[in-house]
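> Following this line is model03.cif, made up of mmCIF, C-alpha atoms:
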```
data_entry
#
loop_
_atom_site.label_atom_id
_atom_site.label_comp_id
_atom_site.auth_asym_id
_atom_site.auth_seq_id
_atom_site.Cartn_x
_atom_site.Cartn_y
_atom_site.Cartn_z
CA MET A 1 15.51 -27.13 2.31
CA THR A 2 18.47 -28.22 4.37
CA ARG A 3 17.11 -28.80 7.88
CA PHE A 4 13.39 -28.50 8.60
CA PRO A 5 13.26 -27.90 12.37
CA ILE A 6 11.36 -30.70 14.13
CA ARG A 7 9.39 -28.24 16.29
CA ILE A 8 7.98 -26.52 13.22
CA ALA A 9 7.17 -29.90 11.66
CA LEU A 10 5.33 -30.85 14.87
CA VAL A 11 3.21 -27.70 14.89
CA ALA A 12 2.61 -27.40 11.15
CA MET A 13 2.26 -31.05 10.14
CA ILE A 14 2.57 -33.86 12.70
CA VAL A 15 0.02 -32.69 15.32
CA PRO A 16 -2.49 -31.40 12.71
CA PHE A 17 -2.19 -34.65 10.80
CA ALA A 18 -2.73 -36.64 14.01
CA PHE A 19 -5.95 -34.69 14.66
CA VAL A 20 -7.21 -35.53 11.18
CA VAL A 21 -6.32 -39.23 11.55
CA VAL A 22 -7.98 -39.53 14.98
CA GLY A 23 -11.07 -37.70 13.66
CA VAL A 24 -11.42 -39.98 10.66
CA ALA A 25 -10.80 -43.11 12.78
CA LEU A 26 -13.45 -42.10 15.35
CA GLN A 27 -16.01 -41.42 12.63
CA LEU A 28 -15.33 -44.77 10.94
CA ALA A 29 -15.75 -46.52 14.31
CA TRP A 30 -19.11 -44.73 14.79
CA LEU A 31 -20.46 -45.65 11.36
CA PRO A 32 -22.61 -48.60 12.65
CA GLU A 33 -24.34 -46.32 15.20
CA LEU A 34 -25.27 -43.66 12.64
CA PRO A 35 -28.46 -43.31 10.62
CA ALA A 36 -27.90 -43.98 6.89
CA THR A 37 -28.47 -40.29 6.16
CA VAL A 38 -26.80 -37.62 8.32
CA ALA A 39 -26.79 -33.84 8.41
CA THR A 40 -23.68 -32.66 6.54
CA HIS A 41 -24.10 -28.90 6.61
CA TRP A 42 -25.56 -26.35 8.99
CA GLY A 43 -26.94 -22.93 8.04
CA PHE A 44 -26.15 -19.65 9.79
CA ASP A 45 -29.17 -20.19 12.08
CA GLY A 46 -27.52 -23.35 13.46
CA LYS A 47 -30.07 -25.67 11.83
CA PRO A 48 -28.98 -28.37 9.38
CA ASP A 49 -29.72 -27.47 5.75
CA SER A 50 -28.00 -30.29 3.87
CA PHE A 51 -27.93 -34.06 4.28
CA GLY A 52 -25.91 -36.92 2.81
CA PRO A 53 -24.87 -40.57 3.26
CA SER A 54 -23.12 -41.27 6.57
CA TRP A 55 -19.72 -41.89 4.94
CA THR A 56 -19.61 -38.33 3.50
CA MET A 57 -18.16 -36.75 6.62
CA PRO A 58 -15.09 -38.98 7.25
CA LEU A 59 -14.26 -38.71 3.54
CA LEU A 60 -14.59 -34.92 3.67
CA LEU A 61 -12.34 -34.62 6.72
CA GLY A 62 -9.75 -37.06 5.35
CA VAL A 63 -9.38 -35.39 1.96
CA LEU A 64 -9.64 -31.75 3.11
CA GLY A 65 -7.48 -32.28 6.19
CA VAL A 66 -4.64 -34.05 4.40
CA LEU A 67 -4.69 -31.53 1.53
CA LEU A 68 -4.59 -28.52 3.85
CA VAL A 69 -1.84 -29.87 6.09
CA ALA A 70 0.20 -30.95 3.05
CA LEU A 71 -0.16 -27.49 1.52
CA PHE A 72 0.98 -25.63 4.66
CA GLY A 73 3.77 -28.17 5.18
CA ALA A 74 5.01 -27.95 1.59
CA VAL A 75 5.15 -24.14 1.67
CA LEU A 76 7.04 -24.15 4.97
CA ALA A 77 9.41 -26.95 4.01
CA ARG A 78 10.38 -25.02 0.90
CA THR A 79 10.82 -21.63 2.54
CA VAL A 80 12.13 -22.04 6.10
CA GLY A 81 15.83 -21.24 5.99
CA PRO A 82 18.57 -22.87 8.08
CA GLN A 83 18.65 -19.83 10.39
CA GLY A 84 15.10 -20.55 11.58
CA PRO A 85 11.52 -19.49 10.90
CA THR A 86 10.40 -15.90 10.34
CA ALA A 87 7.33 -14.56 12.12
CA VAL A 88 5.29 -15.01 8.94
CA GLN A 89 6.35 -18.66 8.72
CA LYS A 90 5.49 -19.24 12.38
CA LEU A 91 2.08 -17.72 11.69
CA LEU A 92 1.62 -20.14 8.76
CA ALA A 93 2.55 -23.12 10.95
CA ALA A 94 0.19 -22.03 13.73
CA SER A 95 -2.55 -21.50 11.11
CA SER A 96 -2.07 -25.07 9.90
CA LEU A 97 -2.59 -26.33 13.45
CA PHE A 98 -5.62 -24.06 13.98
CA VAL A 99 -7.33 -25.01 10.73
CA ALA A 100 -6.71 -28.76 11.16
CA THR A 101 -7.92 -28.72 14.78
CA LEU A 102 -11.03 -26.70 13.92
CA LEU A 103 -11.90 -28.89 10.94
CA SER A 104 -11.30 -32.19 12.77
CA ILE A 105 -13.28 -31.24 15.87
CA ILE A 106 -16.23 -29.73 14.01
CA VAL A 107 -16.61 -32.54 11.48
CA THR A 108 -16.02 -35.32 14.02
CA ALA A 109 -18.28 -33.79 16.70
CA SER A 110 -21.05 -33.07 14.19
CA VAL A 111 -21.03 -36.77 13.37
CA GLY A 112 -20.68 -37.79 17.03
CA ILE A 113 -23.79 -35.92 18.17
CA GLN A 114 -25.86 -37.74 15.54
CA ARG A 115 -25.09 -41.23 16.88
CA GLY A 116 -28.12 -43.28 17.79
CA LEU A 117 -30.52 -41.02 15.93
CA SER A 118 -33.02 -42.60 13.56
CA VAL A 119 -33.69 -41.28 10.09
CA GLY A 120 -35.95 -38.23 10.17
CA SER A 121 -35.51 -37.31 13.85
CA PRO A 122 -34.34 -33.69 14.39
CA SER A 123 -30.55 -33.19 14.32
CA PRO A 124 -29.02 -31.59 17.42
CA ALA A 125 -27.71 -28.00 17.40
CA ILE A 126 -24.16 -27.47 16.13
CA LEU A 127 -23.37 -23.98 17.52
CA PRO A 128 -21.89 -25.13 20.89
CA VAL A 129 -19.62 -27.52 18.98
CA PHE A 130 -18.46 -24.69 16.73
CA GLY A 131 -17.63 -22.39 19.65
CA THR A 132 -15.72 -25.11 21.49
CA ALA A 133 -13.74 -25.99 18.35
CA VAL A 134 -12.68 -22.38 17.74
CA GLY A 135 -11.61 -22.07 21.39
CA ILE A 136 -9.51 -25.26 21.37
CA GLY A 137 -8.05 -24.37 17.96
CA LEU A 138 -6.95 -20.91 19.13
CA LEU A 139 -5.47 -22.30 22.37
CA LEU A 140 -3.44 -24.91 20.49
CA ALA A 141 -2.31 -22.38 17.87
CA VAL A 142 -1.04 -20.00 20.58
CA ALA A 143 0.68 -22.87 22.39
CA GLY A 144 2.19 -23.94 19.07
CA TRP A 145 3.52 -20.43 18.46
CA PHE A 146 5.49 -20.43 21.73
CA PHE A 147 6.59 -24.04 21.21
CA MET A 148 8.34 -23.10 17.96
CA PRO A 149 11.82 -21.53 17.90
CA ARG A 150 12.01 -17.75 18.20
CA ALA A 151 11.30 -15.89 14.99
CA VAL A 152 14.35 -14.62 13.17
CA SER A 153 14.18 -11.30 11.41
CA GLY A 154 12.79 -11.84 7.94
CA ALA A 155 14.41 -8.73 6.55
CA SER A 156 17.09 -9.74 4.10
CA ILE A 157 20.44 -8.06 4.35
CA PRO A 158 20.65 -5.48 1.58
CA ASP A 159 23.78 -5.58 -0.51
CA PRO A 160 26.15 -2.88 0.68
CA ALA A 161 24.56 0.38 -0.44
CA ALA A 162 25.00 0.71 -4.20
CA PRO A 163 27.70 3.20 -5.13
CA PRO A 164 25.93 6.35 -6.27
CA LEU A 165 26.04 6.92 -10.02
CA SER A 166 27.96 10.04 -10.92
CA VAL A 167 25.41 12.64 -11.97
CA ALA A 168 26.52 16.08 -13.18
CA PRO A 169 24.74 19.09 -11.59
CA GLY A 170 22.51 19.96 -14.57
CA GLU A 171 22.26 16.44 -15.96
CA LEU A 172 18.80 14.93 -16.59
CA VAL A 173 18.59 11.25 -15.70
CA VAL A 174 15.76 8.70 -15.54
CA TRP A 175 15.82 4.99 -14.78
CA VAL A 176 12.82 2.90 -15.85
CA GLY A 177 12.22 -0.71 -14.84
CA HIS A 178 9.48 -3.31 -14.68
CA ALA A 179 8.05 -5.47 -11.94
CA ARG A 180 5.79 -8.12 -13.38
CA PHE A 181 4.62 -11.65 -12.79
CA ALA A 182 6.08 -14.34 -15.02
CA THR A 183 3.89 -15.12 -18.04
CA TRP A 184 2.82 -18.51 -16.67
CA VAL A 185 1.70 -16.90 -13.39
CA VAL A 186 -0.45 -14.41 -15.33
CA ILE A 187 -1.99 -17.32 -17.27
CA LEU A 188 -2.67 -19.15 -14.00
CA LEU A 189 -4.26 -16.04 -12.46
CA GLY A 190 -6.34 -15.56 -15.61
CA ALA A 191 -7.58 -19.14 -15.21
CA VAL A 192 -8.50 -18.47 -11.57
CA VAL A 193 -10.46 -15.38 -12.62
CA ALA A 194 -12.23 -17.45 -15.31
CA VAL A 195 -13.20 -20.14 -12.78
CA VAL A 196 -14.46 -17.54 -10.28
CA THR A 197 -16.50 -15.91 -13.05
CA ALA A 198 -17.97 -19.27 -14.12
CA VAL A 199 -18.96 -20.15 -10.54
CA VAL A 200 -20.57 -16.75 -9.99
CA VAL A 201 -22.47 -16.92 -13.28
CA PHE A 202 -23.71 -20.36 -12.25
CA VAL A 203 -24.87 -19.10 -8.85
CA ILE A 204 -26.56 -16.08 -10.42
CA ALA A 205 -28.38 -18.31 -12.90
CA LEU A 206 -29.46 -20.58 -10.04
CA ARG A 207 -30.44 -18.04 -7.40
CA GLY A 208 -30.77 -14.79 -9.37
CA ALA A 209 -28.30 -13.06 -7.05
CA TRP A 210 -27.28 -10.28 -9.41
CA PRO A 211 -25.23 -8.22 -6.92
CA LEU A 212 -22.73 -11.12 -6.93
CA ALA A 213 -21.65 -10.02 -10.42
CA ILE A 214 -19.40 -7.50 -8.68
CA VAL A 215 -17.19 -10.37 -7.39
CA PRO A 216 -15.50 -11.43 -10.68
CA VAL A 217 -15.10 -7.79 -11.68
CA VAL A 218 -13.30 -6.94 -8.43
CA VAL A 219 -11.19 -10.12 -8.58
CA ALA A 220 -10.20 -9.49 -12.22
CA LEU A 221 -9.31 -5.84 -11.58
CA SER A 222 -7.33 -6.51 -8.41
CA VAL A 223 -5.47 -9.54 -9.77
CA LEU A 224 -4.74 -8.53 -13.35
CA GLY A 225 -4.59 -4.77 -12.75
CA THR A 226 -1.61 -5.20 -10.42
CA ALA A 227 0.23 -7.92 -12.36
CA SER A 228 2.57 -5.47 -14.08
CA TRP A 229 4.19 -2.39 -12.54
CA ARG A 230 6.32 0.34 -14.04
CA VAL A 231 9.07 1.56 -11.76
CA ARG A 232 10.70 4.94 -12.33
CA VAL A 233 13.53 6.84 -10.68
CA ASP A 234 13.92 10.47 -11.73
CA GLY A 235 13.83 14.03 -10.39
CA ASP A 236 10.53 13.20 -8.67
CA GLY A 237 12.11 10.34 -6.73
CA LEU A 238 10.72 6.79 -6.91
CA THR A 239 7.39 6.10 -8.61
CA VAL A 240 5.83 2.60 -8.68
CA ARG A 241 2.70 2.42 -10.81
CA PRO A 242 0.58 -0.55 -11.97
CA THR A 243 -1.07 -0.95 -15.36
CA LEU A 244 -4.34 0.47 -14.05
CA GLY A 245 -2.59 3.52 -12.60
CA TRP A 246 -3.82 2.79 -9.07
CA PRO A 247 -2.60 2.27 -6.40
CA GLN A 248 0.51 4.29 -7.08
CA TYR A 249 3.41 4.50 -4.61
CA ARG A 250 5.90 7.37 -4.51
CA VAL A 251 8.92 8.31 -2.45
CA ALA A 252 10.06 11.90 -3.00
CA LEU A 253 13.81 12.54 -3.24
CA ASP A 254 13.95 14.48 0.05
CA ASP A 255 12.20 11.54 1.76
CA VAL A 256 14.85 9.01 0.66
CA ALA A 257 17.10 7.96 3.55
CA SER A 258 18.91 5.25 1.56
CA ALA A 259 18.46 2.96 -1.40
CA ALA A 260 19.96 -0.46 -2.03
CA SER A 261 19.67 -3.57 -4.14
CA THR A 262 18.46 -6.54 -2.10
CA GLN A 263 17.35 -10.18 -2.47
CA VAL A 264 13.71 -10.94 -1.65
CA VAL A 265 12.21 -14.23 -0.43
CA PRO A 266 8.49 -13.56 -1.11
CA LEU A 267 6.88 -16.19 1.16
CA GLY A 268 9.36 -15.78 3.98
CA GLU A 269 9.42 -11.99 4.15
CA PHE A 270 6.09 -10.87 2.72
CA GLY A 271 3.89 -13.98 2.98
CA GLY A 272 3.18 -14.03 -0.73
CA PHE A 273 2.99 -11.99 -3.91
CA GLY A 274 1.35 -8.73 -4.97
CA ILE A 275 1.02 -5.66 -2.76
CA ARG A 276 2.30 -6.86 0.59
CA TRP A 277 3.18 -5.64 4.05
CA GLY A 278 6.39 -7.20 5.29
CA LEU A 279 8.07 -7.13 8.67
CA GLY A 280 9.69 -3.89 9.77
CA ARG A 281 7.13 -1.56 8.11
CA ARG A 282 8.13 -2.58 4.61
CA LEU A 283 5.63 -2.13 1.81
CA GLY A 284 6.36 -4.68 -0.90
CA VAL A 285 5.40 -4.77 -4.54
CA ILE A 286 6.43 -8.39 -4.99
CA THR A 287 6.10 -10.13 -8.35
CA ARG A 288 8.84 -12.75 -7.97
CA GLY A 289 11.76 -13.76 -5.75
CA GLY A 290 15.26 -12.38 -6.12
CA GLU A 291 16.64 -8.98 -7.01
CA ALA A 292 14.72 -5.99 -5.66
CA LEU A 293 15.09 -2.28 -5.03
CA GLU A 294 14.71 -1.34 -1.36
CA VAL A 295 14.19 2.32 -0.49
CA GLN A 296 14.31 3.42 3.15
CA ARG A 297 12.24 6.49 3.97
CA ARG A 298 13.27 9.05 6.55
CA ASP A 299 10.41 8.01 8.86
CA GLY A 300 11.65 4.41 9.03
CA ARG A 301 9.22 2.90 6.56
CA ALA A 302 10.53 1.23 3.42
CA VAL A 303 9.36 0.37 -0.07
CA VAL A 304 10.56 -2.86 -1.70
CA VAL A 305 9.88 -3.58 -5.36
CA THR A 306 11.19 -6.54 -7.37
CA VAL A 307 13.03 -5.27 -10.46
CA ASP A 308 16.02 -6.31 -12.54
CA ASP A 309 19.09 -4.06 -12.47
CA ALA A 310 18.09 -2.79 -9.01
CA ALA A 311 21.67 -1.72 -8.24
CA THR A 312 21.57 0.90 -11.01
CA ALA A 313 18.22 2.19 -9.77
CA ALA A 314 19.52 2.37 -6.19
CA GLY A 315 22.71 4.10 -7.32
CA LEU A 316 20.75 6.71 -9.25
CA LEU A 317 18.28 7.32 -6.42
CA THR A 318 21.17 7.76 -3.97
CA ALA A 319 22.90 10.22 -6.31
CA LEU A 320 19.72 12.22 -7.02
CA ALA A 321 18.82 12.39 -3.34
CA ALA A 322 22.32 13.66 -2.54
CA ARG A 323 22.08 16.26 -5.30
CA THR A 324 18.72 17.48 -3.95
CA ALA A 325 20.11 17.68 -0.40
CA LYS A 326 22.97 19.87 -1.61
CA GLY A 327 20.40 22.26 -3.02
CA MET B 1 16.94 1.09 -18.48
CA LEU B 2 18.87 4.28 -17.70
CA PHE B 3 18.58 7.41 -19.81
CA ARG B 4 20.98 10.28 -19.19
CA VAL B 5 21.07 13.66 -20.90
CA ASP B 6 23.51 16.44 -20.12
CA PRO B 7 22.21 19.61 -21.78
CA ALA B 8 25.57 21.30 -21.16
CA SER B 9 27.59 18.74 -23.14
CA GLY B 10 26.79 20.21 -26.56
CA VAL B 11 25.84 16.81 -27.98
CA PRO B 12 22.25 16.85 -29.40
CA ILE B 13 19.77 15.47 -26.88
CA PHE B 14 18.41 12.79 -29.24
CA ASP B 15 21.98 11.55 -29.75
CA GLN B 16 22.47 11.32 -26.00
CA LEU B 17 19.20 9.39 -25.64
CA ALA B 18 20.15 6.93 -28.38
CA ALA B 19 23.59 6.56 -26.79
CA SER B 20 21.90 5.68 -23.47
CA VAL B 21 20.04 2.82 -25.15
CA ARG B 22 23.22 1.61 -26.89
CA SER B 23 25.17 1.51 -23.65
CA GLU B 24 22.35 -0.39 -21.90
CA LEU B 25 22.53 -2.93 -24.74
CA ALA B 26 26.27 -3.18 -24.33
CA ARG B 27 25.91 -3.56 -20.54
CA GLY B 28 23.44 -6.40 -21.09
CA SER B 29 20.63 -4.82 -19.05
CA LEU B 30 18.58 -4.53 -22.25
CA ARG B 31 18.15 -7.71 -24.25
CA ALA B 32 16.47 -8.86 -27.45
CA GLY B 33 12.68 -8.72 -27.05
CA ASP B 34 12.76 -6.08 -24.29
CA ARG B 35 10.58 -3.05 -24.80
CA LEU B 36 11.93 0.48 -24.46
CA PRO B 37 9.89 2.72 -22.13
CA PRO B 38 7.16 4.69 -23.94
CA ALA B 39 8.57 7.89 -25.47
CA ARG B 40 5.91 9.90 -23.66
CA GLU B 41 7.11 8.67 -20.25
CA VAL B 42 10.80 9.30 -20.99
CA ALA B 43 9.99 12.77 -22.31
CA ALA B 44 7.94 13.62 -19.22
CA ALA B 45 10.56 12.36 -16.78
CA LEU B 46 13.45 14.20 -18.50
CA GLU B 47 11.36 17.26 -19.34
CA VAL B 48 12.34 17.10 -23.00
CA ASN B 49 10.09 17.19 -26.07
CA ILE B 50 8.47 13.86 -26.99
CA HIS B 51 9.61 14.31 -30.61
CA THR B 52 13.19 14.39 -29.37
CA VAL B 53 12.72 10.96 -27.80
CA LEU B 54 10.94 9.65 -30.91
CA ARG B 55 13.82 10.96 -33.05
CA ALA B 56 16.24 8.93 -30.89
CA TYR B 57 14.06 5.80 -31.24
CA GLN B 58 13.90 6.31 -35.03
CA ASP B 59 17.70 6.57 -35.21
CA LEU B 60 17.96 3.32 -33.28
CA ARG B 61 15.51 1.72 -35.71
CA ASP B 62 17.57 2.95 -38.66
CA GLU B 63 20.58 1.23 -37.07
CA GLY B 64 18.54 -1.99 -36.80
CA LEU B 65 18.71 -2.04 -32.98
CA VAL B 66 14.96 -1.74 -32.36
CA ASP B 67 11.69 -2.37 -34.17
CA LEU B 68 9.06 0.36 -34.00
CA ARG B 69 5.51 -0.95 -34.16
CA ARG B 70 2.27 0.88 -33.68
CA GLY B 71 0.76 -0.11 -30.36
CA ARG B 72 3.77 -2.16 -29.26
CA GLY B 73 6.31 0.61 -28.96
CA ALA B 74 10.04 0.10 -29.50
CA VAL B 75 11.22 -3.50 -29.15
CA VAL B 76 14.88 -4.52 -29.10
CA THR B 77 15.73 -6.66 -32.14
CA ASP B 78 17.58 -9.96 -32.12
CA ASN B 79 20.71 -8.52 -33.71
CA ALA B 80 21.05 -5.70 -31.16
CA GLY B 81 23.62 -7.49 -28.97
CA LEU B 82 27.12 -6.15 -29.51
CA SER B 83 29.91 -8.65 -29.93
CA PRO B 84 32.13 -9.02 -26.87
CA GLU B 85 35.23 -8.57 -29.07
CA LEU B 86 34.04 -5.15 -30.21
CA LEU B 87 33.31 -4.14 -26.62
CA ALA B 88 36.80 -5.24 -25.58
CA ASP B 89 38.31 -3.26 -28.46
CA ILE B 90 36.38 -0.15 -27.39
CA HIS B 91 37.59 -0.61 -23.84
CA ASP B 92 41.20 -0.81 -25.05
CA LEU B 93 40.72 2.15 -27.38
CA VAL B 94 39.42 4.40 -24.60
CA ALA B 95 42.18 3.28 -22.24
CA GLU B 96 44.78 4.13 -24.88
CA ALA B 97 43.14 7.52 -25.58
CA ARG B 98 43.18 8.32 -21.85
CA ARG B 99 46.84 7.38 -21.63
CA LEU B 100 47.63 9.77 -24.48
CA GLY B 101 45.44 12.51 -23.00
CA VAL B 102 42.95 12.45 -25.89
CA GLY B 103 39.53 13.69 -24.68
CA VAL B 104 36.18 12.11 -25.43
CA GLY B 105 35.30 14.93 -27.86
CA THR B 106 38.39 14.38 -29.96
CA LEU B 107 38.04 10.61 -29.89
CA THR B 108 34.37 10.80 -30.97
CA ALA B 109 35.29 13.22 -33.76
CA LEU B 110 37.99 10.82 -34.95
CA LEU B 111 35.50 7.93 -34.91
CA ARG B 112 33.00 9.95 -36.92
CA GLU B 113 35.68 10.83 -39.42
CA GLU B 114 36.63 7.17 -39.72
CA TYR B 115 33.00 6.24 -40.42
CA SER B 116 32.59 8.82 -43.19
CA ALA B 117 35.92 7.88 -44.79
#
```
The structure in this file should be written as structure tokens.


Amino acid sequence: MTRFPIRIALVAMIVPFAFVVVGVALQLAWLPELPATVATHWGFDGKPDSFGPSWTMPLLLGVLGVLLVALFGAVLARTVGPQGPTAVQKLLAASSLFVATLLSIIVTASVGIQRGLSVGSPSPAILPVFGTAVGIGLLLAVAGWFFMPRAVSGASIPDPAAPPLSVAPGELVVWVGHARFATWVVILLGAVVAVVTAVVVFVIALRGAWPLAIVPVVVALSVLGTASWRVRVDGDGLTVRPTLGWPQYRVALDDVASAASTQVVPLGEFGGFGIRWGLGRRLGVITRGGEALEVQRRDGRAVVVTVDDAATAAGLLTALAARTAKG
Amino acid sequence: MLFRVDPASGVPIFDQLAASVRSELARGSLRAGDRLPPAREVAAALEVNIHTVLRAYQDLRDEGLVDLRRGRGAVVTDNAGLSPELLADIHDLVAEARRLGVGVGTLTALLREEYSA
């Protein structure tokens, strides 16, 4: 992080934080006018279904709001390069503003409309508040988007196309590589899956909602089944295949326009890790930052996969594609 | 990990496969603890017999470059790294052979002879 542009800081952190502070301050000022017990949660029918002490809401907004804004801000501060924000980063900043606005208005207003009520009297409807908050949040997020500097292209500049390996006409060649999360990331993901499973088991025990059991299974399969990918370049072109065997991505040799080794910034270009869509119709299999193989297809789409020794893979793919083209 | 096999070269295919692994070790793109691709996958991609690939892996094990374990495949051993001095010597040797017009076949034959001496 060299220079974090002030306009991004305003949209992603300063204005959202101000909303949270004002919200908390208002609620604290209203405390004397509130009944000791207030509605803290509303069901889908717009009627309150949960109640708590009157100090619950300012505490909730303060903790949640600061955590959220800090999270968005930290990600952006670490990833925005000196050349400016990418579209994905601008989206993150606008999301920070949207979420903070929404949260502050809803929590604060839901407390505000309960002023002067006595314990036990019916709580007012929350739905109009919700609609208004979404509207204001969206307006501010859009305004924030245009307030920020123009998005720079997130696509990294590939290293000059790898020199093709020399491959003799009848020679059989295969390059095999790996794209996988670091061990500590896999452990972290495993822990997340364990927590999700525990929560679901708890809910099932409490409510008997058996269909929920599908959730941890899907999470475990999608997270751990795509944590390790085998990448192959041979006479069939490029094949990228996860441990589970699905989803598998292939680029046939006669569909290869060019191949190069490139440097990937996961959050900036793809908005995260795993199977990702990046800017410029790029499908990413992203397990870490750094060296990656980028294959341009003839129709303009591209496949990017993070592997070591990508230059060799690119060189081989280039050579094999050329050999196929010659017949 | 790059495997190359030229069926026209006259060198047995399993030798060429083992040589591919050795040169990847020398290049530093394979390191101690790395796993070689499953023999089945290499065989399928190169359209050679799986036993040919296994033969290459067994030769590498006999040289102490990899460990073969059931279920874990072929794993590069700690002592697989070649010394930089040896690599430099090989570089010089090949350069000298080129200068004198000695082909790779002759040079390999001479090396073999030296080993069995």

> Once the PyMOL selection byres ((chain B) within 7 of (chain A)) has been applied to the shown file, what residues remain in the selection, as number ranges by chain?

B: 1-7, 29, 37, 45-46

> Suppose a student applies the PyMOL selection byres ((chain A and resi 24) around 8) to this structure; what residues should they get, written as a PyMOL selection string?

chain A and resi 20-23+25-28+58-59+61-62+108

> If the PyMOL selection byres ((chain A and resi 297-303) around 10) were run on this exact file, what residues would it hold? Put them as a list of chain:residue names.

A:Leu238, A:Val240, A:Tyr249, A:Arg250, A:Val251, A:Ala252, A:Leu253, A:Asp254, A:Asp255, A:Val256, A:Ala257, A:Ser258, A:Ala259, A:Trp277, A:Gly278, A:Gly280, A:Arg281, A:Arg282, A:Leu283, A:Gly284, A:Val285, A:Leu293, A:Glu294, A:Val295, A:Gln296, A:Val304, A:Val305

> In Å, rounded to a single decimal, give me how far CA of Leu165 (chain A) is from CA of Thr318 (chain A).

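Computing it gives 7.8 Å between the two atoms.
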
> With 3 Å of padding per side, what axis-aligned box (centre and edge lengths, Å, one decimal) covers all the listed atoms of region 33-43 of chain A? Give it as lines of an AutoDock Vina configuration file.


```
center_x = -26.1
center_y = -34.6
center_z = 10.7
size_x = 10.8
size_y = 29.4
size_z = 15.0
```

> Please report the interatomic distance between CA of Ala93 (chain A) and CA of Ala191 (chain A) in Å with one decimal.

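Between CA of Ala93 (chain A) and CA of Ala191 (chain A) the gap is 28.3 Å.
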
> Hey, which of B:Ala109, B:Leu87, B:Val75, B:Ile50 ends up closest to Gly28 (chain B)? Count all atoms listed in the file.

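Among the listed residues, B:Leu87 lies closest to Gly28 (chain B).
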
> Can region 49-60 of chain B be brought up to N, CA and C atoms and written out as a short mmCIF file (atom, residue, chain, number, x, y, z; two decimals), in the coordinates of the input?


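Output file out-v8.cif is given in full below:
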```
data_model
loop_
_atom_site.label_atom_id
_atom_site.label_comp_id
_atom_site.auth_asym_id
_atom_site.auth_seq_id
_atom_site.Cartn_x
_atom_site.Cartn_y
_atom_site.Cartn_z
N ASN B 49 11.21 17.33 -25.13
CA ASN B 49 10.09 17.19 -26.07
C ASN B 49 9.94 15.73 -26.49
N ILE B 50 8.70 15.27 -26.63
CA ILE B 50 8.47 13.86 -26.99
C ILE B 50 9.05 13.56 -28.37
N HIS B 51 9.06 14.53 -29.26
CA HIS B 51 9.61 14.31 -30.61
C HIS B 51 11.11 14.08 -30.56
N THR B 52 11.77 14.64 -29.55
CA THR B 52 13.19 14.39 -29.37
C THR B 52 13.43 12.91 -29.06
N VAL B 53 12.58 12.36 -28.16
CA VAL B 53 12.72 10.96 -27.80
C VAL B 53 12.39 10.08 -29.02
N LEU B 54 11.32 10.43 -29.73
CA LEU B 54 10.94 9.65 -30.91
C LEU B 54 12.05 9.68 -31.97
N ARG B 55 12.71 10.84 -32.10
CA ARG B 55 13.82 10.96 -33.05
C ARG B 55 14.93 9.96 -32.67
N ALA B 56 15.22 9.87 -31.36
CA ALA B 56 16.24 8.93 -30.89
C ALA B 56 15.83 7.49 -31.22
N TYR B 57 14.54 7.15 -30.98
CA TYR B 57 14.06 5.80 -31.24
C TYR B 57 14.13 5.50 -32.75
N GLN B 58 13.84 6.52 -33.58
CA GLN B 58 13.90 6.31 -35.03
C GLN B 58 15.34 6.07 -35.48
N ASP B 59 16.29 6.81 -34.88
CA ASP B 59 17.70 6.57 -35.21
C ASP B 59 18.11 5.15 -34.86
N LEU B 60 17.63 4.68 -33.71
CA LEU B 60 17.96 3.32 -33.28
C LEU B 60 17.34 2.30 -34.24
#
```
